[in-house]
$ cat input14.txt   # compact mmCIF, C-alpha atoms and all ligand atoms
# COMPACT_ATOMS: atom_id res chain seq x y z
CA MET A 964 2.93 -14.45 -19.13
CA PRO A 965 6.24 -15.48 -20.68
CA ASP A 966 8.99 -17.20 -18.77
CA SER A 967 10.40 -14.19 -16.99
CA ARG A 968 14.06 -15.16 -17.40
CA ASN A 969 13.92 -15.58 -21.15
CA SER A 970 11.53 -12.82 -22.01
CA ASP A 971 12.58 -9.72 -23.76
CA LEU A 972 10.63 -7.03 -21.97
CA LYS A 973 10.39 -4.64 -24.88
CA SER A 974 9.06 -7.12 -27.40
CA TYR A 975 6.70 -8.54 -24.78
CA LEU A 976 5.20 -5.13 -24.11
CA ARG A 977 5.13 -4.25 -27.79
CA LYS A 978 3.26 -7.43 -28.72
CA PHE A 979 1.05 -7.40 -25.64
CA THR A 980 -2.56 -8.27 -26.23
CA SER A 981 -4.92 -10.16 -24.04
CA PRO A 982 -8.32 -11.54 -24.88
CA THR A 983 -9.57 -10.55 -21.44
CA ILE A 984 -7.96 -7.15 -21.16
CA SER A 985 -6.76 -5.37 -24.21
CA LYS A 986 -7.44 -6.30 -27.78
CA ARG A 987 -5.59 -3.22 -28.96
CA SER A 988 -1.96 -3.23 -29.85
CA THR A 989 0.50 -1.35 -27.72
CA LYS A 990 1.36 2.15 -28.71
CA LEU A 991 5.08 2.90 -28.64
CA VAL A 992 6.51 6.38 -28.24
CA ILE A 993 10.21 7.10 -27.81
CA GLY A 994 10.83 9.66 -25.11
CA SER A 995 13.99 11.57 -24.43
CA PHE A 996 15.03 12.09 -20.82
CA GLY A 997 18.18 14.12 -20.27
CA GLY A 998 19.62 12.83 -23.55
CA GLU A 999 18.57 9.22 -22.82
CA LYS A 1000 16.08 7.66 -25.25
CA VAL A 1001 13.52 5.54 -23.45
CA PRO A 1002 10.68 3.57 -25.07
CA MET A 1003 7.25 4.30 -23.60
CA PHE A 1004 4.65 1.57 -23.99
CA ILE A 1005 1.01 2.52 -23.71
CA ASN A 1006 -1.76 -0.01 -23.37
CA GLU A 1007 -4.23 -1.41 -20.91
CA PHE A 1008 -1.86 -3.99 -19.44
CA TRP A 1009 -4.05 -4.76 -16.44
CA THR A 1010 -7.44 -3.76 -15.15
CA ALA A 1011 -9.18 -4.21 -11.85
CA GLU A 1012 -11.62 -6.60 -13.53
CA GLN A 1013 -9.07 -8.68 -15.37
CA ARG A 1014 -8.40 -11.06 -12.56
CA LYS A 1015 -10.15 -10.22 -9.37
CA ALA A 1016 -7.54 -9.52 -6.73
CA SER A 1017 -7.58 -11.43 -3.48
CA SER A 1018 -9.95 -10.19 -0.79
CA ILE A 1019 -7.04 -10.17 1.66
CA HIS A 1020 -5.91 -6.86 0.10
CA GLU A 1021 -9.09 -5.01 1.07
CA ILE A 1022 -7.66 -2.60 3.61
CA SER A 1023 -8.01 1.08 2.91
CA TYR A 1024 -4.87 3.18 2.79
CA ARG A 1025 -4.18 6.54 1.25
CA ALA A 1026 -2.65 6.40 -2.24
CA CYS A 1027 -2.43 2.63 -2.45
CA PHE A 1028 -2.14 0.95 -5.83
CA LYS A 1029 -4.21 -1.95 -7.10
CA PRO A 1030 -2.79 -5.45 -6.54
CA GLN A 1031 -2.88 -6.05 -10.30
CA LEU A 1032 0.04 -3.62 -10.65
CA PRO A 1033 2.63 -5.50 -8.56
CA LYS A 1034 1.20 -8.81 -9.83
CA PHE A 1035 2.03 -7.85 -13.41
CA PHE A 1036 5.71 -7.33 -12.55
CA ILE A 1037 5.97 -10.28 -10.16
CA ASP A 1038 4.69 -12.59 -12.92
CA LEU A 1039 7.05 -11.04 -15.43
CA PHE A 1040 10.29 -10.76 -13.48
CA THR A 1041 10.36 -13.36 -10.69
CA LYS A 1042 10.25 -17.05 -10.05
CA ASN A 1043 9.22 -18.90 -6.91
CA GLY A 1044 11.40 -18.04 -3.92
CA ASP A 1045 12.81 -14.78 -5.32
CA ILE A 1046 12.82 -11.79 -2.98
CA VAL A 1047 10.36 -8.98 -3.76
CA TYR A 1048 10.78 -5.65 -1.95
CA ASP A 1049 8.72 -2.51 -1.44
CA PRO A 1050 10.55 0.39 0.27
CA PHE A 1051 7.33 2.44 0.60
CA SER A 1052 5.03 -0.40 1.45
CA GLY A 1053 1.86 1.39 2.64
CA ARG A 1054 -0.92 -1.14 3.19
CA GLY A 1055 1.47 -3.83 1.87
CA THR A 1056 -0.02 -4.40 -1.60
CA THR A 1057 3.29 -5.53 -3.14
CA ALA A 1058 4.22 -7.63 -0.12
CA ILE A 1059 0.91 -9.49 0.07
CA GLU A 1060 0.81 -10.10 -3.68
CA ALA A 1061 4.41 -11.38 -3.61
CA GLY A 1062 3.52 -13.70 -0.73
CA LEU A 1063 0.50 -15.03 -2.63
CA CYS A 1064 2.74 -15.67 -5.65
CA GLY A 1065 5.26 -17.76 -3.69
CA CYS A 1066 7.97 -15.10 -3.39
CA LYS A 1067 9.93 -14.04 -0.34
CA VAL A 1068 8.97 -10.66 0.99
CA ILE A 1069 10.63 -7.53 2.34
CA ALA A 1070 8.38 -4.57 3.16
CA ASN A 1071 9.50 -1.27 4.59
CA ASP A 1072 7.60 1.87 5.51
CA SER A 1073 8.66 4.57 7.94
CA ASN A 1074 5.08 4.64 9.21
CA PRO A 1075 4.72 1.78 11.73
CA LEU A 1076 0.99 1.58 10.95
CA SER A 1077 2.06 0.02 7.67
CA LYS A 1078 3.66 -2.96 9.44
CA LEU A 1079 0.68 -3.23 11.79
CA MET A 1080 -1.59 -3.52 8.78
CA THR A 1081 0.55 -5.81 6.65
CA GLU A 1082 2.15 -8.41 8.89
CA PRO A 1083 -1.08 -9.95 10.31
CA ARG A 1084 -2.44 -10.69 6.84
CA PHE A 1085 0.39 -13.19 6.31
CA THR A 1086 -1.12 -15.36 9.04
CA PRO A 1087 -4.87 -15.20 8.44
CA PRO A 1088 -6.78 -16.82 11.30
CA THR A 1089 -9.94 -18.91 11.25
CA ILE A 1090 -13.19 -17.24 12.24
CA SER A 1091 -13.60 -19.50 15.24
CA ALA A 1092 -10.12 -18.61 16.54
CA VAL A 1093 -10.94 -14.89 16.31
CA GLU A 1094 -14.30 -15.45 18.01
CA LYS A 1095 -12.61 -17.37 20.81
CA ARG A 1096 -10.01 -14.67 21.36
CA LEU A 1097 -12.63 -11.90 21.34
CA ASN A 1098 -14.51 -13.82 24.02
CA ASP A 1099 -11.43 -13.41 26.25
CA ILE A 1100 -11.62 -9.62 25.89
CA SER A 1101 -14.00 -7.81 28.21
CA ARG A 1102 -16.40 -5.42 26.55
CA ASP A 1103 -16.39 -3.11 29.51
CA GLY A 1104 -13.37 -0.84 29.22
CA PRO A 1105 -13.09 2.60 30.80
CA PRO A 1106 -14.08 5.67 28.78
CA SER A 1107 -11.27 7.00 26.62
CA GLU A 1108 -8.94 9.72 27.93
CA LEU A 1109 -9.75 11.62 24.70
CA ASP A 1110 -13.19 12.97 23.92
CA LEU A 1111 -14.37 10.58 21.22
CA SER A 1112 -18.07 11.13 21.81
CA MET A 1113 -18.49 12.71 18.37
CA PHE A 1114 -17.39 9.40 16.78
CA TYR A 1115 -18.70 6.67 19.07
CA HIS A 1116 -21.67 5.68 21.17
CA PRO A 1117 -20.41 5.48 24.80
CA LYS A 1118 -20.81 1.69 24.86
CA THR A 1119 -18.88 1.28 21.59
CA GLU A 1120 -16.16 3.56 22.95
CA ARG A 1121 -15.76 1.41 26.07
CA GLU A 1122 -15.50 -1.72 23.91
CA ILE A 1123 -12.84 -0.08 21.73
CA VAL A 1124 -10.84 1.00 24.79
CA ALA A 1125 -11.12 -2.50 26.22
CA ILE A 1126 -9.59 -4.01 23.06
CA ARG A 1127 -6.93 -1.30 23.00
CA ASN A 1128 -5.96 -1.95 26.63
CA TYR A 1129 -5.98 -5.72 26.19
CA ILE A 1130 -3.56 -5.54 23.27
CA ALA A 1131 -1.39 -2.86 24.91
CA LYS A 1132 -1.01 -5.03 28.01
CA LYS A 1133 -0.02 -8.04 25.94
CA ARG A 1134 2.43 -5.93 23.93
CA GLN A 1135 4.02 -4.75 27.15
CA LYS A 1136 4.45 -8.31 28.35
CA GLY A 1137 5.73 -9.41 24.94
CA GLU A 1138 2.83 -11.86 24.68
CA VAL A 1139 1.13 -10.61 21.53
CA ASP A 1140 0.36 -13.42 19.11
CA TYR A 1141 -1.01 -13.63 15.57
CA LEU A 1142 -4.63 -13.38 16.78
CA ASP A 1143 -4.00 -10.19 18.77
CA ARG A 1144 -2.18 -8.70 15.78
CA TRP A 1145 -5.07 -9.66 13.51
CA ILE A 1146 -7.67 -8.14 15.83
CA ALA A 1147 -5.63 -4.95 16.21
CA MET A 1148 -5.29 -4.69 12.43
CA VAL A 1149 -9.00 -5.19 11.76
CA ALA A 1150 -10.08 -2.86 14.58
CA THR A 1151 -7.65 -0.18 13.34
CA ASN A 1152 -9.26 -0.41 9.95
CA ARG A 1153 -12.79 -0.27 11.29
CA LEU A 1154 -12.26 2.78 13.53
CA THR A 1155 -13.91 5.29 11.24
CA GLY A 1156 -15.75 5.16 7.96
CA HIS A 1157 -18.92 5.91 6.17
CA SER A 1158 -21.05 2.78 6.48
CA SER A 1159 -22.54 0.62 9.18
CA GLY A 1160 -19.57 -1.72 8.80
CA PHE A 1161 -17.47 0.77 10.78
CA LEU A 1162 -17.35 1.42 14.49
CA SER A 1163 -18.02 5.14 14.21
CA VAL A 1164 -20.91 7.26 13.11
CA TYR A 1165 -20.64 8.39 9.45
CA THR A 1166 -17.26 10.08 8.92
CA LEU A 1167 -15.01 10.79 5.99
CA PRO A 1168 -13.50 7.64 4.39
CA PRO A 1169 -11.56 5.47 6.88
CA ASN A 1170 -8.10 6.56 5.84
CA GLN A 1171 -8.98 10.19 6.49
CA ALA A 1172 -9.99 10.46 10.12
CA VAL A 1173 -11.18 13.96 10.66
CA SER A 1174 -10.55 16.08 13.72
CA GLN A 1175 -12.95 16.09 16.65
CA GLN A 1176 -14.16 19.58 15.66
CA SER A 1177 -14.82 18.74 12.04
CA GLN A 1178 -16.62 15.54 13.05
CA MET A 1179 -18.90 17.63 15.26
CA ARG A 1180 -19.67 19.77 12.23
CA ILE A 1181 -20.39 16.66 10.13
CA ASN A 1182 -22.73 15.38 12.87
CA MET A 1183 -24.56 18.68 12.99
CA ARG A 1184 -24.91 18.91 9.22
CA ARG A 1185 -26.17 15.35 8.94
CA ASN A 1186 -28.19 15.60 12.12
CA GLN A 1187 -26.59 12.38 13.38
CA VAL A 1188 -25.74 10.95 16.77
CA PRO A 1189 -23.40 7.93 17.09
CA GLU A 1190 -25.37 4.72 17.53
CA TYR A 1191 -24.10 1.62 19.28
CA ARG A 1192 -21.94 -0.62 17.08
CA ASP A 1193 -21.03 -4.09 18.25
CA THR A 1194 -17.23 -4.07 17.96
CA HIS A 1195 -16.80 -7.84 18.24
CA ASN A 1196 -19.40 -8.54 15.55
CA LEU A 1197 -17.89 -5.98 13.20
CA ILE A 1198 -14.41 -7.42 13.68
CA ILE A 1199 -15.76 -10.88 12.83
CA ARG A 1200 -17.63 -9.49 9.83
CA LYS A 1201 -14.52 -7.82 8.41
CA THR A 1202 -12.43 -10.92 9.13
CA LYS A 1203 -14.89 -13.00 7.09
CA SER A 1204 -14.73 -10.50 4.28
CA LEU A 1205 -10.92 -10.32 4.25
CA ILE A 1206 -10.44 -14.09 4.05
CA ARG A 1207 -13.44 -14.88 1.85
CA THR A 1208 -11.51 -15.61 -1.38
CA LEU A 1209 -8.41 -17.17 0.18
CA THR A 1210 -7.86 -20.79 -0.78
CA ALA A 1211 -6.14 -23.26 1.55
CA SER A 1212 -3.06 -23.18 -0.65
CA GLN A 1213 -2.93 -19.37 -0.59
CA VAL A 1214 -3.09 -19.45 3.20
CA ARG A 1215 -0.16 -21.89 3.16
CA GLN A 1216 1.78 -19.66 0.75
CA LEU A 1217 1.26 -16.61 2.95
CA LYS A 1218 2.23 -18.48 6.10
CA ARG A 1219 5.35 -19.83 4.41
CA ALA A 1220 6.28 -16.29 3.30
CA SER A 1221 5.67 -14.95 6.81
CA LYS A 1222 8.40 -17.19 8.25
CA GLN A 1223 11.15 -15.39 6.34
CA ALA A 1224 9.51 -12.04 5.69
CA GLN A 1225 11.16 -8.80 6.83
CA PHE A 1226 8.86 -5.97 7.91
CA LEU A 1227 10.94 -2.85 8.47
CA THR A 1228 9.78 0.52 9.73
CA THR A 1229 12.70 2.68 8.77
CA ASP A 1230 13.59 5.40 6.29
CA SER A 1231 14.04 3.66 2.94
CA ARG A 1232 17.19 5.68 2.28
CA TYR A 1233 19.01 3.58 4.83
CA THR A 1234 18.12 -0.10 5.21
CA PRO A 1235 21.25 -1.96 6.35
CA GLU A 1236 19.02 -4.87 7.46
CA ILE A 1237 18.60 -5.82 3.80
CA VAL A 1238 21.37 -7.96 2.38
CA THR A 1239 23.33 -6.50 -0.52
CA GLU A 1240 22.35 -7.90 -3.96
CA SER A 1241 19.55 -10.04 -2.55
CA VAL A 1242 16.41 -8.53 -4.09
CA GLN A 1243 15.17 -9.73 -7.49
CA LEU A 1244 12.37 -7.18 -7.88
CA THR A 1245 11.29 -3.95 -6.23
CA VAL A 1246 7.79 -2.66 -6.98
CA THR A 1247 6.88 0.58 -5.31
CA SER A 1248 5.13 3.91 -5.38
CA PRO A 1249 6.83 6.71 -3.46
CA PRO A 1250 5.31 9.36 -1.25
CA PHE A 1251 4.08 11.95 -3.69
CA LEU A 1252 4.13 15.68 -3.56
CA ASP A 1253 1.40 17.64 -1.84
CA ILE A 1254 0.07 14.86 0.36
CA VAL A 1255 -2.33 16.16 2.94
CA GLN A 1256 -1.11 16.44 6.51
CA TYR A 1257 -0.31 13.01 7.86
CA GLN A 1258 -1.48 13.74 11.39
CA ASP A 1259 -4.98 14.72 10.35
CA ASP A 1260 -5.27 11.41 8.55
CA ASN A 1261 -3.99 9.07 11.19
CA TRP A 1262 -4.26 10.45 14.71
CA LEU A 1263 -7.06 8.08 15.71
CA ARG A 1264 -5.34 5.01 14.27
CA CYS A 1265 -2.17 6.03 16.13
CA TRP A 1266 -4.13 6.58 19.37
CA PHE A 1267 -5.64 3.10 19.13
CA ASN A 1268 -2.19 1.54 18.72
CA ASN A 1269 -0.44 3.73 21.30
CA LEU A 1270 1.74 5.34 18.65
CA ASP A 1271 2.92 8.92 18.73
CA SER A 1272 1.47 10.43 15.55
CA ASN A 1273 3.59 13.56 16.01
CA ALA A 1274 6.83 11.61 16.02
CA ILE A 1275 5.71 9.47 13.07
CA SER A 1276 4.76 12.42 10.92
CA LYS A 1277 8.35 13.68 11.18
CA ARG A 1278 9.63 10.43 9.70
CA ILE A 1279 7.42 10.59 6.64
CA THR A 1280 8.69 12.35 3.56
CA MET A 1281 6.34 15.19 2.71
CA ALA A 1282 8.21 17.08 0.01
CA LYS A 1283 6.75 20.41 -0.97
CA SER A 1284 8.83 20.89 -4.10
CA VAL A 1285 10.11 18.63 -6.86
CA GLU A 1286 13.69 19.52 -5.82
CA GLU A 1287 13.08 18.35 -2.26
CA TRP A 1288 11.38 15.17 -3.49
CA THR A 1289 14.24 14.47 -5.87
CA ARG A 1290 16.85 14.74 -3.10
CA VAL A 1291 15.11 12.01 -1.10
CA ILE A 1292 14.41 9.69 -4.03
CA ARG A 1293 18.02 9.98 -5.28
CA ASP A 1294 19.23 8.42 -2.02
CA VAL A 1295 16.49 5.79 -2.09
CA PHE A 1296 17.61 4.76 -5.59
CA TYR A 1297 21.23 4.34 -4.45
CA GLU A 1298 20.01 2.11 -1.64
CA ILE A 1299 17.75 0.05 -3.93
CA TYR A 1300 20.64 -0.36 -6.35
CA ARG A 1301 22.79 -1.74 -3.53
CA LEU A 1302 20.29 -4.38 -2.50
CA THR A 1303 19.18 -5.40 -6.03
CA LYS A 1304 20.62 -8.59 -7.48
CA LYS A 1305 22.58 -8.35 -10.70
CA GLY A 1306 19.96 -8.72 -13.44
CA GLY A 1307 17.20 -7.68 -11.00
CA TRP A 1308 14.45 -5.13 -11.63
CA LEU A 1309 12.90 -1.98 -10.19
CA ALA A 1310 9.35 -0.95 -11.19
CA PHE A 1311 8.80 2.56 -9.89
CA GLU A 1312 5.31 3.98 -10.14
CA VAL A 1313 5.08 7.72 -10.51
CA GLY A 1314 1.65 9.11 -9.81
CA GLU A 1315 -0.45 11.85 -11.25
CA VAL A 1316 1.04 14.96 -9.71
CA ARG A 1317 -0.67 18.32 -9.77
CA LYS A 1318 -3.18 17.10 -12.36
CA GLY A 1319 -0.44 15.91 -14.68
CA THR A 1320 1.41 19.20 -14.88
CA VAL A 1321 4.46 17.66 -13.16
CA ARG A 1322 5.85 14.65 -14.98
CA LEU A 1323 7.84 12.90 -12.31
CA GLU A 1324 9.26 10.33 -14.74
CA GLU A 1325 11.38 13.12 -16.19
CA GLU A 1326 12.99 13.44 -12.77
CA VAL A 1327 13.04 9.75 -12.03
CA VAL A 1328 14.82 8.47 -15.17
CA PRO A 1329 18.05 10.46 -14.51
CA LEU A 1330 17.96 9.48 -10.83
CA GLY A 1331 17.86 5.78 -11.68
CA LEU A 1332 20.65 6.15 -14.24
CA ASP A 1333 22.80 8.03 -11.71
CA ALA A 1334 22.36 5.23 -9.20
CA GLY A 1335 23.67 2.74 -11.78
CA PHE A 1336 20.49 1.24 -13.25
CA THR A 1337 19.64 1.06 -16.93
CA CYS A 1338 16.23 2.44 -17.83
CA GLU A 1339 14.47 -0.25 -19.83
CA ALA A 1340 11.06 1.27 -20.42
CA ILE A 1341 8.25 3.42 -19.21
CA MET A 1342 4.89 1.71 -19.11
CA ILE A 1343 1.67 3.62 -19.17
CA ASN A 1344 -1.26 1.53 -18.12
CA SER A 1345 -4.28 3.41 -19.24
CA GLN A 1346 -7.94 2.62 -19.33
CA GLU A 1347 -8.50 5.63 -21.54
CA PHE A 1348 -6.20 4.42 -24.21
CA THR A 1349 -7.02 6.68 -27.09
CA LYS A 1350 -7.11 9.86 -25.12
CA THR A 1351 -3.95 9.02 -23.24
CA SER A 1352 -1.87 7.90 -26.18
CA HIS A 1353 -2.97 10.96 -28.08
CA ILE A 1354 -2.05 13.15 -25.17
CA TRP A 1355 1.31 11.47 -24.82
CA GLY A 1356 2.31 12.46 -28.29
CA VAL A 1357 1.84 16.11 -27.64
CA ASP A 1358 0.39 17.30 -24.43
CA ASN A 1359 0.34 16.18 -20.82
CA MET A 1360 -1.41 13.41 -18.94
CA GLY A 1361 -3.85 15.64 -17.15
CA CYS A 1362 -6.97 14.05 -18.57
CA GLY A 1363 -6.07 10.40 -18.05
CA THR A 1364 -8.06 8.53 -15.47
CA ASN A 1365 -7.03 5.30 -13.82
CA THR A 1366 -3.62 5.77 -15.35
CA ASN A 1367 -0.47 4.32 -13.87
CA ARG A 1368 2.95 5.31 -15.13
CA ILE A 1369 5.78 2.99 -14.22
CA VAL A 1370 9.46 3.53 -14.91
CA ILE A 1371 11.25 0.19 -15.26
CA PHE A 1372 14.92 -0.06 -14.37
CA ARG A 1373 17.32 -2.97 -14.40
CA LYS A 1374 20.65 -3.65 -12.71
CA GLU A 1375 22.91 -5.10 -15.36
CA LYS A 1376 24.15 -8.66 -15.01
C1 LIG A 1401 2.11 6.13 -1.96
S1 LIG A 1401 2.27 5.35 -0.40
C2 LIG A 1401 2.57 3.68 -0.86
C3 LIG A 1401 1.30 2.92 -1.06
C4 LIG A 1401 1.53 1.47 -1.40
N1 LIG A 1401 2.00 1.29 -2.76
C5 LIG A 1401 0.22 0.69 -1.20
O1 LIG A 1401 -0.28 0.09 -2.17
O2 LIG A 1401 -0.34 0.75 -0.12
C6 LIG A 1401 3.84 5.91 0.13
C7 LIG A 1401 4.30 5.36 1.47
O3 LIG A 1401 5.62 5.84 1.74
C8 LIG A 1401 5.79 5.96 3.14
N2 LIG A 1401 6.97 6.83 3.36
C9 LIG A 1401 7.04 8.17 3.24
N3 LIG A 1401 8.31 8.60 3.42
C10 LIG A 1401 9.06 7.49 3.65
C11 LIG A 1401 10.45 7.27 3.86
N4 LIG A 1401 11.31 8.28 3.84
N5 LIG A 1401 10.89 6.00 4.04
C12 LIG A 1401 10.01 4.96 4.05
N6 LIG A 1401 8.68 5.11 3.84
C13 LIG A 1401 8.21 6.35 3.63
C14 LIG A 1401 4.46 6.53 3.62
O4 LIG A 1401 4.25 6.22 4.99
C15 LIG A 1401 3.46 5.83 2.69
O5 LIG A 1401 2.94 4.68 3.31

$ encode --input "input14.txt" --output "structure tokens"
Amino acid sequence: MPDSRNSDLKSYLRKFTSPTISKRSTKLVIGSFGGEKVPMFINEFWTAEQRKASSIHEISYRACFKPQLPKFFIDLFTKNGDIVYDPFSGRGTTAIEAGLCGCKVIANDSNPLSKLMTEPRFTPPTISAVEKRLNDISRDGPPSELDLSMFYHPKTEREIVAIRNYIAKKRQKGEVDYLDRWIAMVATNRLTGHSSGFLSVYTLPPNQAVSQQSQMRINMRRNQVPEYRDTHNLIIRKTKSLIRTLTASQVRQLKRASKQAQFLTTDSRYTPEIVTESVQLTVTSPPFLDIVQYQDDNWLRCWFNNLDSNAISKRITMAKSVEEWTRVIRDVFYEIYRLTKKGGWLAFEVGEVRKGTVRLEEEVVPLGLDAGFTCEAIMINSQEFTKTSHIWGVDNMGCGTNTNRIVIFRKEK
């Protein structure tokens, strides 16, 4: 990567080749967005294989992006100690990657589960410390007040409730420490899933907890009955897996970042906690259109953490039309503009919407310009280069797979 301060983004992207990723040259197309000409660069700028991401990211979350995406922009636009922000932080991919790269971190998400899943990974514990803490937690909790028999063996259920009660009690007393937060995070992520590494019988993927009724149907169809799963062992197993690639210096970097990190759980349209003109780089992907009902996804995770999933779902933007979506994002852009340093950057990922029939970048470019940014480029990271670049000339992006489209804005110096 070039020295971020001296690099000229456009020529960097134009000349981009990498022996390990793309040997092709970048395709350049000039797009017109509301009268504004914007260069669009198409290439395979990063891949999942290019540089294996850290194991500490391996938490499932709906619509998360790969760590290689924020890493690309962090390398390009920041230096050590700069602040990196994600207003729609999700599982915290940008935040964790920024922490690993020696940046300061601000993460916001109106869903408090996001903070619960991100913050503990800045202070990864040792296995023996987790084992010791689990030994303090009784395995013999009461049965749950909800009927969870379609998910868990009765003994597993009592163990889950015991952990839940232990952490709730410590939260009440204000005594929760990094180990409790870690255990809560791992347990939350192990609640349901489709392998023996999860606490439940086979369900849909872990970020899509099904309802009690539909789980009963799954059990019937698969002729399955929940078997006992040892919660403490599975928490240890996932802990080992999450920290397996972390080096001692990465652990130090994350811990250092945790001391000054801000984890907010507010609406990203209004974040007065963030200092004006403090952020060097924002990398984010917004809530997209047509996302499936939040409550169906997260009710069990909310139950485990004593959160009201009804109240949370009201705080999450679930726009049904492009107009509605645009109204929210317009305000978010004004807020990001306020907190961005002069000369700072915003990399805004727009996803595949309605199989490529809606091109959100067409909406996003004017919104960024309105807020005061300049639009420097649109990057299309595509693993199906030929197809995608061909399609870009004429048609839509409907056939692209593993394609990210990122609109890059800058606040002028
Ligand atoms: C596409 S996901 C982000 C995923 C993230 N890039 C990752 O890698 O995990 C969008 C996130 O926006 C959050 N969100 C939705 N509406 C919001 C709002 N108005 N303010 C803040 N966060 C919001 C959702 O809770 C969700 O976590």

$ closest_atom_pairs --input "input14.txt" --of "chain A" --to "ligand LIG 1401 (chain A)" --cutoff "6 Å" --atoms "all atoms listed in the file" --output "CSV"
residue,atom,partner,partner_atom,distance
A:Tyr1024,CA,A:LIG1401,O2,5.9
A:Ala1026,CA,A:LIG1401,C1,4.8
A:Cys1027,CA,A:LIG1401,O1,3.3
A:Phe1028,CA,A:LIG1401,O1,4.2
A:Pro1050,CA,A:LIG1401,C12,6.0
A:Phe1051,CA,A:LIG1401,O3,4.0
A:Ser1052,CA,A:LIG1401,C4,4.9
A:Gly1053,CA,A:LIG1401,O5,3.5
A:Arg1054,CA,A:LIG1401,O2,3.9
A:Gly1055,CA,A:LIG1401,O2,5.3
A:Thr1056,CA,A:LIG1401,O1,4.5
A:Asp1072,CA,A:LIG1401,N6,3.8
A:Ser1073,CA,A:LIG1401,N6,4.1
A:Asn1074,CA,A:LIG1401,O4,4.6
A:Thr1229,CA,A:LIG1401,C12,5.9
A:Asp1230,CA,A:LIG1401,N5,3.6
A:Ser1231,CA,A:LIG1401,N5,4.1
A:Thr1247,CA,A:LIG1401,N1,5.6
A:Ser1248,CA,A:LIG1401,N1,4.9
A:Pro1249,CA,A:LIG1401,C6,4.7
A:Pro1250,CA,A:LIG1401,C6,4.0
A:Ile1279,CA,A:LIG1401,N3,3.9
A:Thr1280,CA,A:LIG1401,N3,3.8

$ residues_around --input "input14.txt" --residues "Gly1062 of chain A" --least-positions-apart "6" --cutoff "7 Å" --atoms "all atoms listed in the file" --output "PyMOL selection string"
chain A and resi 1068+1216-1217+1220

$ closest_residue --input "input14.txt" --among "A:Lys1304, A:Arg987, A:Lys978, A:Lys1067" --to "Glu1240 of chain A" --atoms "all atoms listed in the file"
A:Lys1304

$ closest_residue --input "input14.txt" --among "A:Ala1340, A:Val1370, A:Leu1270, A:Ala1092" --to "Val1001 of chain A" --atoms "all atoms listed in the file"
A:Ala1340

$ closest_residue --input "input14.txt" --among "A:Glu999, A:Asp1103, A:Glu1060, A:Glu1108" --to "Trp1266 of chain A" --atoms "all atoms listed in the file"
A:Glu1108

$ atom_distance --input "input14.txt" --atom1 "atom CA of Leu1167 of chain A" --atom2 "atom CA of Ile1198 of chain A"
19.8 Å

$ atom_distance --input "input14.txt" --atom1 "atom CA of Ile1123 of chain A" --atom2 "atom CA of Ser1101 of chain A"
10.2 Å

$ atom_distance --input "input14.txt" --atom1 "atom CA of Asn1006 of chain A" --atom2 "atom CA of Thr989 of chain A"
5.1 Å

$ closest_residue --input "input14.txt" --among "A:Ile1369, A:Ala1224, A:Val1242, A:Ala1147" --to "Ala1310 of chain A" --atoms "only C-alpha atoms"
A:Ile1369

$ residues_around --input "input14.txt" --residues "Lys1095 of chain A" --least-positions-apart "5" --cutoff "12 Å" --atoms "only C-alpha atoms" --output "list in words"
Pro1088, Thr1089, Ile1090, Ile1100, Leu1142, Asp1143, Ile1146, His1195 and Ile1199 of chain A

$ closest_residue --input "input14.txt" --among "A:Leu1227, A:Val1124, A:Val1327, A:Ile1292" --to "Lys1078 of chain A" --atoms "all atoms listed in the file"
A:Leu1227

$ residues_near_point --input "input14.txt" --point "(-3.1, -5.3, 22.5)" --cutoff "8 Å" --atoms "only C-alpha atoms" --output "ChimeraX atom specification"
/A:1126-1134,1139,1143-1144,1147,1268

$ residues_near_point --input "input14.txt" --point "(-23.2, 10.2, 19.9)" --cutoff "9 Å" --atoms "all atoms listed in the file" --output "ChimeraX atom specification"
/A:1111-1117,1164,1182,1187-1191

$ closest_residue --input "input14.txt" --among "A:Glu1325, A:Glu1286, A:Glu1120, A:Glu1375" --to "Thr1337 of chain A" --atoms "only C-alpha atoms"
A:Glu1375

$ residues_around --input "input14.txt" --residues "Ala1070 of chain A" --least-positions-apart "3" --cutoff "6 Å" --atoms "only C-alpha atoms" --output "PyMOL selection string"
chain A and resi 1048-1049+1052+1226
